[in-house]
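Asker: Questions regarding the structure given below will be posed in turn.
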Amino acid sequence: MPLEDYEIIIGLEVHAELKTESKVFCGCSTKFGAQPNSQVCPVCLGLPGTLPVLNKRALELTILAGLALNCKIAEHTGFDRKQYFYPDLPKGYQISQFDRPICYDGFIEILADDRDGNEVKRVGINRVHLEEESGKSVHSGTGILDSSYSLLDYNRSGIPLIEIVSEPDLRSPQEARRFLEELKRLLEYTGVSDCKMEEGSLRCDANVSLRKRGETRFGVKCEIKNMNSFRAVEAAILHEAERQAELLDAGEQVEPQTRGWDELTGTTVFMRSKESSSDYRYLPDPDLVDLVIDAGMVEALRENLPEMPGQKRRRYVEELKIPEYDAELISGSRNLAEYFESVVAVYNGPAKIVSNWVMGEFLRLINQEKVEIEDAKISPEEFAAVLRLVDNGTISGSVAKGVFEEVFRTGEDPESIVKRQGLAQISDADELSAVVDGIIEANPKAVEDVKSGNHKAIGFLVGQVMKETKGQANPKVVNQLLRDRLGL
Amino acid sequence: MELISKPVHELIDLLETRAISSEELVGQYLDRIEQVEPTIKAFITVDREGALEAARAVDESRRDGKAPSRLAGIPVAVKDNICTKGMATTCASEILKDFVSPYDAYVIERLRSAGMIIVGKTNMDEFAMGSSTENSAFFPTRNPWDLDRVPGGSSGGSAAAVASGEVPVALGSDTGGSVRTPASYCGVVGLKPTYGLVSRYGLVPYASSLDQVGILAGNVRDCAIMLGAIAGHDPRDSTSVKTERVDYEARLYNDIAGRVVGIPRECFGGPIDPHVTESVYAATKTLERLGARVQEVSIPTLQYALAVYYVIGPAEASASLARYDGVAFGYRYKQAEDSVSMFMETRGRGLGPEVKRRILIGTYVLSEGNYDRYFRKAMQVRTLIKKEFEQALEHCDVLVTPTTPTVAFRLGEKTDDPMSMYMSDMCTVVANLAGVPAVSVPCAKHEGCPIGLQLIGRSLDEALLLNIAYAYEQASGFEIEKASVV
């Protein structure tokens, strides 16, 4: 039976590190990439007698995440101890939330898998809860059991983390990927998380099961871990669905398992059985007081929510009159959107010109030079200045690209680059006459073509003048001069 | 000048008038420790050099008129589950035998900034689990009144040290009676403050929702002075209460005429020794003579207190003690084949039998299926107990009970019978479950051993509680001398 005859049921569990300066229960820095064990203190090392104190910003960011995901915010909530032994878990339990998540019952909207690709689908969010990160283990072998030694870095221990659990509403690997993309956008937009999968600040596990189309009961699910990119999530779910379909086709049962995605072989591999589910022996953490979330605090956060990507996209199309495609692409990243809006604000021309340059030269250089948008040397003012130099005829479009790149690299004022390198466009007819005459003399064949009615050949002559002037001649003026000379 | 038998408030005067130096005072106490310690064994660590050095520094600052507080120069002992920078904090456990905390507990910061001299760390039941100090991984402590008897626990070292004149005052911790029980057995005053009044930052937890740092002192006035020195809000403890500073000592002398003293009917009879009951009733007569109105009250849920305590305490302990795994600090079994056996051997060898028993109980009551049956039920009953207590304390200013059912029992008498050992806590655990303050003061002797009277007060009203305890102490004439066995 082909995979199409099965319905793939997918639910995702996403962990995102919150963008706070300090850890969730102590004052240590959360900066990524520091020397191992340099950002630790007695509290995040779980030393005897230490106590956690909740970072208020972490609570606010969790609520913000909930609001961005259309969740309800709990009035009464609190923290629980989730107990298990692992060397990088300093207290032998993780401070997490069991039955009182801060946010619950929300949804996000994604484009559904239909033929037109325009149908919006609502994917339920079961809960968003706040917890602490564990430390990081590096094993000499492949895992804790076969290693002769393991190294531990507790810098990550205590970084605030939210766990976002979706309802099993996703029906294809593509939908799962779109869900993650939208989730990432929302979390970035609200400033909740950096969502850098490569630094581990966003991680995703997927629960996958199959059922025959028409069936209403869920099948047995497997959990897939170790997916390090959105592409991997999509590929892993597809592979897992195929694996389960093969089993079912052969009349076998799907065993409840935790499986790991192996990037190299492109398969999911058995990690452990879920038959004997672990008992985490949750209990309310007596070191932390129960929280009462004030409605005023939630409202204040709601008022401060930034414009969301969907709202931006609509506004760009309706107010800024840029094409849907441009609007979608630019609104996809909050940093890019903000940069774009800053340029539009200082530039007085059409937003479409700005979106062309943002999606063209700007993104090309950003990707090529591997710089973050917020670190770009070219300021929105300088960006607009380059466009104005084209508009007022000071430089040609082709020269402008070079100037743009120079500003991008150095942050130097565009006008001074133009001045220093003598790039200003030559629009003075007297100055250009000699060159035009020279080109006419050197290209009798083309001149003959033009005169005999092949007006296209004039483009060739303009090109020759441009070449001779290293692109500085104003093509409009050159064109007019040629027409005058050739009597058109 | 013989200083050992003097109360703290007199020592303060002597130091402030510079009739004595702290060096001299601390020196006498250290000598006393040297003399009685081989018999009593109250200390795990004694820091002779550090104490003398600190004493000299205080003397110098006092000479310059810059004494950090009036307690500056007074020696104090600290239970070995309170973290002290630079001095081992073992919790009387093999697993923390060589553990030196890199930071000071909140109460230690307070003692140090007041200029008090920490002479050492006292013995206790391992991780504060026990009622006799026999569960110390190192050695038992002896009751100074009768060397064949236990000092009580778990703060037995602190109580015995005060009772035998090794220090004038000491800190303990009280989760279900661990300050009051040894105070009762050793004939000293033991206070468990309101939950949250004293920061738990740096107190190694047994059960966080019940633990509280407490005081062992020779008399109520010294206890009040010490409470002023350690009470206060600490932002590092989320359960620490924001309150105004109170001068507990100044409030001791109020008249208690008209105060209402409640006697909870449920705390009498059963396993309570008739001699103890008699002594407590005699004490209530003394309070009546002082003008208090004594009345019987009923707190029906009290009968469940011990059961509730032995579910909640172990449940929290099973999580709080999970960190002793040999990974980042403390003892590690180094010959293990792999990480899992390293965990198991470390804990198997590093933790003692009573600690293991409570971890097992805690693990059991939190396991899937058992949570609702035991833990959730216990939490619900705890809420009821708390409510009934608050109601009783609406019309009573204090409740009076025996501190312990009997006088100190003999070493080894109950070690094979944990249930009987747990019964020693039956009168004390309620104050921890309800979060209210309670103090034990000596009220009689039987077979040469002291009997303690427990007074339980309203939340955050230690001033009134100590006021009544002080009035009783003054009127009873039961002046507890230092135990003179050594």
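We label chains A, B, ... in the order they appear in the structure tokens, count residues from 1 in each chain, and number ligands from 1 in the order shown.
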Please return, as an MDAnalysis selection string, all residues of chain B lying within 9 Å of chain A when only C-alpha atoms are considered.

Answerer: chainID B and resid 81:83 101:103 105 200:205 207:210 235:239 315:316 319:329 337:340 343 363 365:368 371 375

Asker: Find the spatial neighbours of Thr39 of chain B, counting only C-alpha atoms, within a cut-off of 12 Å - ignore same-chain residues fewer than 2 positions away - and output them as an NGL selection string.

Answerer: :B and (32-37 or 41-43 or 139-148 or 160-161 or 164 or 166 or 485-486)

Asker: Show which residues sit within 9 Å of Arg485 of chain A, as a list of chain:residue names. Count only C-alpha atoms, and ignore same-chain residues fewer than 4 positions away.

Answerer: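 Selected residues are A:Val436, A:Asp437, A:Ile440, A:Gln480, A:Leu481.
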
Asker: Set the distance at 7 Å and use only C-alpha atoms: which residues neighbour segment 183-194 of chain A once local chain neighbours fewer than 5 positions away are removed? I'd like the list as JSON, numbers by chain.

Answerer: {"A": [16, 17, 18, 19, 61, 64, 65, 68, 201, 305, 306, 308, 332, 333, 334]}

Asker: Mind pulling up the distance from atom CA of Arg251 of chain B to atom CA of Arg221 of chain B?

Answerer: 10.1 Å

Asker: Please identify all polymer residues within 6 Å of Ala55 of chain B, counting only C-alpha atoms, omitting same-chain residues fewer than 5 positions from it, and present them as a PyMOL selection string.

Answerer: chain B and resi 22-23+73

Asker: Determine the nearest neighbour of Ser379 of chain A from the options A:Arg409, A:Arg483, A:Lys312, A:His15, counting only C-alpha atoms.

Answerer: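 Selected residue with least distance to Ser379 of chain A: A:Arg409.
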
Asker: DSSP on the backbone: which residues in segment 164-295 of chain A end up as helix (DSSP H, G or I)? Give the answer as a ChimeraX atom specification.

Answerer: /A:173-189,197-199,230-249,295

Asker: Would you mind exporting the chosen residues as a compact mmCIF listing (two decimals), in the first residue's frame, restricted to N, CA and C atoms?

Answerer:
```txt
# COMPACT_ATOMS: atom_id res chain seq x y z
N PRO A 173 5.12 15.88 6.32
CA PRO A 173 6.44 16.43 6.67
C PRO A 173 6.55 17.90 6.27
N GLN A 174 5.91 18.27 5.15
CA GLN A 174 5.97 19.66 4.70
C GLN A 174 5.24 20.58 5.68
N GLU A 175 4.09 20.10 6.15
CA GLU A 175 3.36 20.91 7.14
C GLU A 175 4.18 21.08 8.41
N ALA A 176 4.85 20.01 8.80
CA ALA A 176 5.67 20.08 10.01
C ALA A 176 6.75 21.14 9.83
N ARG A 177 7.34 21.15 8.64
CA ARG A 177 8.39 22.14 8.40
C ARG A 177 7.81 23.55 8.40
N ARG A 178 6.66 23.73 7.76
CA ARG A 178 6.06 25.07 7.74
C ARG A 178 5.66 25.51 9.14
N PHE A 179 5.21 24.57 9.94
CA PHE A 179 4.87 24.88 11.34
C PHE A 179 6.11 25.42 12.06
N LEU A 180 7.23 24.71 11.87
CA LEU A 180 8.46 25.13 12.55
C LEU A 180 8.93 26.50 12.05
N GLU A 181 8.81 26.71 10.74
CA GLU A 181 9.23 28.00 10.19
C GLU A 181 8.40 29.13 10.77
N GLU A 182 7.09 28.89 10.84
CA GLU A 182 6.22 29.93 11.38
C GLU A 182 6.50 30.14 12.87
N LEU A 183 6.70 29.04 13.58
CA LEU A 183 6.99 29.13 15.01
C LEU A 183 8.27 29.94 15.24
N LYS A 184 9.28 29.62 14.47
CA LYS A 184 10.55 30.33 14.58
C LYS A 184 10.36 31.83 14.33
N ARG A 185 9.60 32.15 13.26
CA ARG A 185 9.31 33.56 12.97
C ARG A 185 8.65 34.24 14.16
N LEU A 186 7.66 33.57 14.74
CA LEU A 186 6.91 34.18 15.84
C LEU A 186 7.82 34.39 17.06
N LEU A 187 8.65 33.41 17.33
CA LEU A 187 9.52 33.53 18.51
C LEU A 187 10.60 34.59 18.30
N GLU A 188 11.08 34.67 17.05
CA GLU A 188 12.07 35.71 16.76
C GLU A 188 11.43 37.09 16.83
N TYR A 189 10.25 37.20 16.25
CA TYR A 189 9.55 38.47 16.23
C TYR A 189 9.31 39.03 17.61
N MET A 197 19.20 26.95 15.53
CA MET A 197 19.29 25.49 15.65
C MET A 197 20.74 25.03 15.75
N GLU A 198 21.64 25.76 15.07
CA GLU A 198 23.04 25.34 15.06
C GLU A 198 23.68 25.55 16.44
N GLU A 199 23.16 26.49 17.24
CA GLU A 199 23.70 26.67 18.58
C GLU A 199 22.85 25.91 19.61
N PHE A 230 15.58 22.27 9.98
CA PHE A 230 14.20 22.09 9.54
C PHE A 230 14.14 21.05 8.43
N ARG A 231 15.19 21.09 7.57
CA ARG A 231 15.26 20.14 6.47
C ARG A 231 15.32 18.71 7.03
N ALA A 232 16.11 18.56 8.11
CA ALA A 232 16.24 17.24 8.73
C ALA A 232 14.91 16.78 9.32
N VAL A 233 14.16 17.71 9.89
CA VAL A 233 12.86 17.35 10.47
C VAL A 233 11.96 16.79 9.37
N GLU A 234 11.93 17.51 8.25
CA GLU A 234 11.09 17.09 7.14
C GLU A 234 11.52 15.70 6.64
N ALA A 235 12.83 15.54 6.45
CA ALA A 235 13.35 14.28 5.93
C ALA A 235 13.12 13.13 6.91
N ALA A 236 13.34 13.41 8.19
CA ALA A 236 13.21 12.35 9.19
C ALA A 236 11.77 11.88 9.31
N ILE A 237 10.83 12.82 9.28
CA ILE A 237 9.42 12.43 9.38
C ILE A 237 9.02 11.59 8.17
N LEU A 238 9.49 12.02 7.00
CA LEU A 238 9.16 11.27 5.78
C LEU A 238 9.72 9.85 5.89
N HIS A 239 10.98 9.75 6.29
CA HIS A 239 11.58 8.43 6.40
C HIS A 239 10.85 7.57 7.42
N GLU A 240 10.50 8.18 8.55
CA GLU A 240 9.83 7.43 9.61
C GLU A 240 8.46 6.94 9.14
N ALA A 241 7.76 7.80 8.38
CA ALA A 241 6.45 7.42 7.88
C ALA A 241 6.59 6.23 6.92
N GLU A 242 7.62 6.29 6.08
CA GLU A 242 7.85 5.18 5.14
C GLU A 242 8.18 3.89 5.89
N ARG A 243 8.99 4.03 6.93
CA ARG A 243 9.36 2.85 7.72
C ARG A 243 8.11 2.22 8.34
N GLN A 244 7.26 3.07 8.92
CA GLN A 244 6.06 2.54 9.57
C GLN A 244 5.10 1.92 8.55
N ALA A 245 5.02 2.57 7.36
CA ALA A 245 4.13 2.05 6.32
C ALA A 245 4.58 0.65 5.89
N GLU A 246 5.90 0.47 5.79
CA GLU A 246 6.43 -0.85 5.41
C GLU A 246 6.04 -1.90 6.43
N LEU A 247 6.19 -1.55 7.70
CA LEU A 247 5.82 -2.48 8.78
C LEU A 247 4.35 -2.85 8.68
N LEU A 248 3.51 -1.82 8.54
CA LEU A 248 2.06 -2.06 8.52
C LEU A 248 1.67 -2.88 7.29
N ASP A 249 2.31 -2.55 6.16
CA ASP A 249 2.03 -3.31 4.94
C ASP A 249 2.37 -4.78 5.12
N ALA A 295 -3.18 39.80 35.86
CA ALA A 295 -3.78 40.12 34.55
C ALA A 295 -3.17 41.39 33.97
```

Asker: Need to verify the contact set: Met423 of chain B, 9 Å, only C-alpha atoms, exclusion of same-chain residues closer than 2 positions in sequence. Can you return it as a PDB file with C-alpha atoms, in the first residue's frame?

Answerer:
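See result.pdb below for the written result:
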```
ATOM      1  CA  PRO B 271       2.662   7.285  74.265  1.00  0.00           C
ATOM      2  CA  LEU B 306       3.108  12.364  62.077  1.00  0.00           C
ATOM      3  CA  THR B 404       8.762  15.048  73.451  1.00  0.00           C
ATOM      4  CA  PRO B 405       6.761  12.111  74.782  1.00  0.00           C
ATOM      5  CA  PRO B 418      12.399   3.293  63.394  1.00  0.00           C
ATOM      6  CA  MET B 419       8.667   3.606  64.116  1.00  0.00           C
ATOM      7  CA  SER B 420       9.284   4.102  67.804  1.00  0.00           C
ATOM      8  CA  MET B 421      12.026   6.618  66.920  1.00  0.00           C
ATOM      9  CA  ASP B 425       8.496  13.731  66.762  1.00  0.00           C
ATOM     10  CA  MET B 426       4.754  13.428  67.359  1.00  0.00           C
ATOM     11  CA  CYS B 427       4.404  16.743  69.215  1.00  0.00           C
TER      12      CYS B 427
END
```

Asker: Would you please work out which residue, of B:Val26, B:Ser61, B:Cys443, B:Val169, is nearest to Tyr281 of chain B when using only C-alpha atoms?

Answerer: B:Cys443

Asker: One decimal, in Å: what's the spacing between atom CA of Met342 of chain B and atom CA of Lys136 of chain A?

Answerer: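 Between atom CA of Met342 of chain B and atom CA of Lys136 of chain A the gap works out to 18.8 Å.
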
Asker: Which residues are close to segment 352-364 of chain A, i.e. within 7 Å by only C-alpha atoms, leaving aside same-chain residues fewer than 6 positions away? Reply as a PyMOL selection string.

Answerer: chain A and resi 322+326+340+344

Asker: Output C-alpha atoms of each residue in that selection to a file, as a PDB file, in the first residue's frame.

Answerer:
```
ATOM      1  CA  ILE A 322       5.063  45.972  -2.864  1.00  0.00           C
ATOM      2  CA  ASP A 326       8.494  40.616  -1.646  1.00  0.00           C
ATOM      3  CA  PHE A 340      13.544  47.445   5.271  1.00  0.00           C
ATOM      4  CA  VAL A 344      11.613  53.098   3.437  1.00  0.00           C
TER       5      VAL A 344
END
```

Asker: Determine which residues of segment 5-246 of chain B receive a DSSP assignment of strand (DSSP E), computed from the backbone, and state them as a VMD selection string.

Answerer: chain B and resid 43 to 46 75 to 79 117 to 122 169 to 173 189 to 192 213 to 217

Asker: By how many Å are atom CA of Ala471 of chain B and atom CA of Ile456 of chain B apart?

Answerer: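 Computing it gives 14.8 Å between the two atoms.
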
Asker: With distances taken over only C-alpha atoms, which residue among A:Pro380, A:Gly422, A:Gly453, A:Pro309 lies nearest Val407 of chain A?

Answerer: A:Pro380
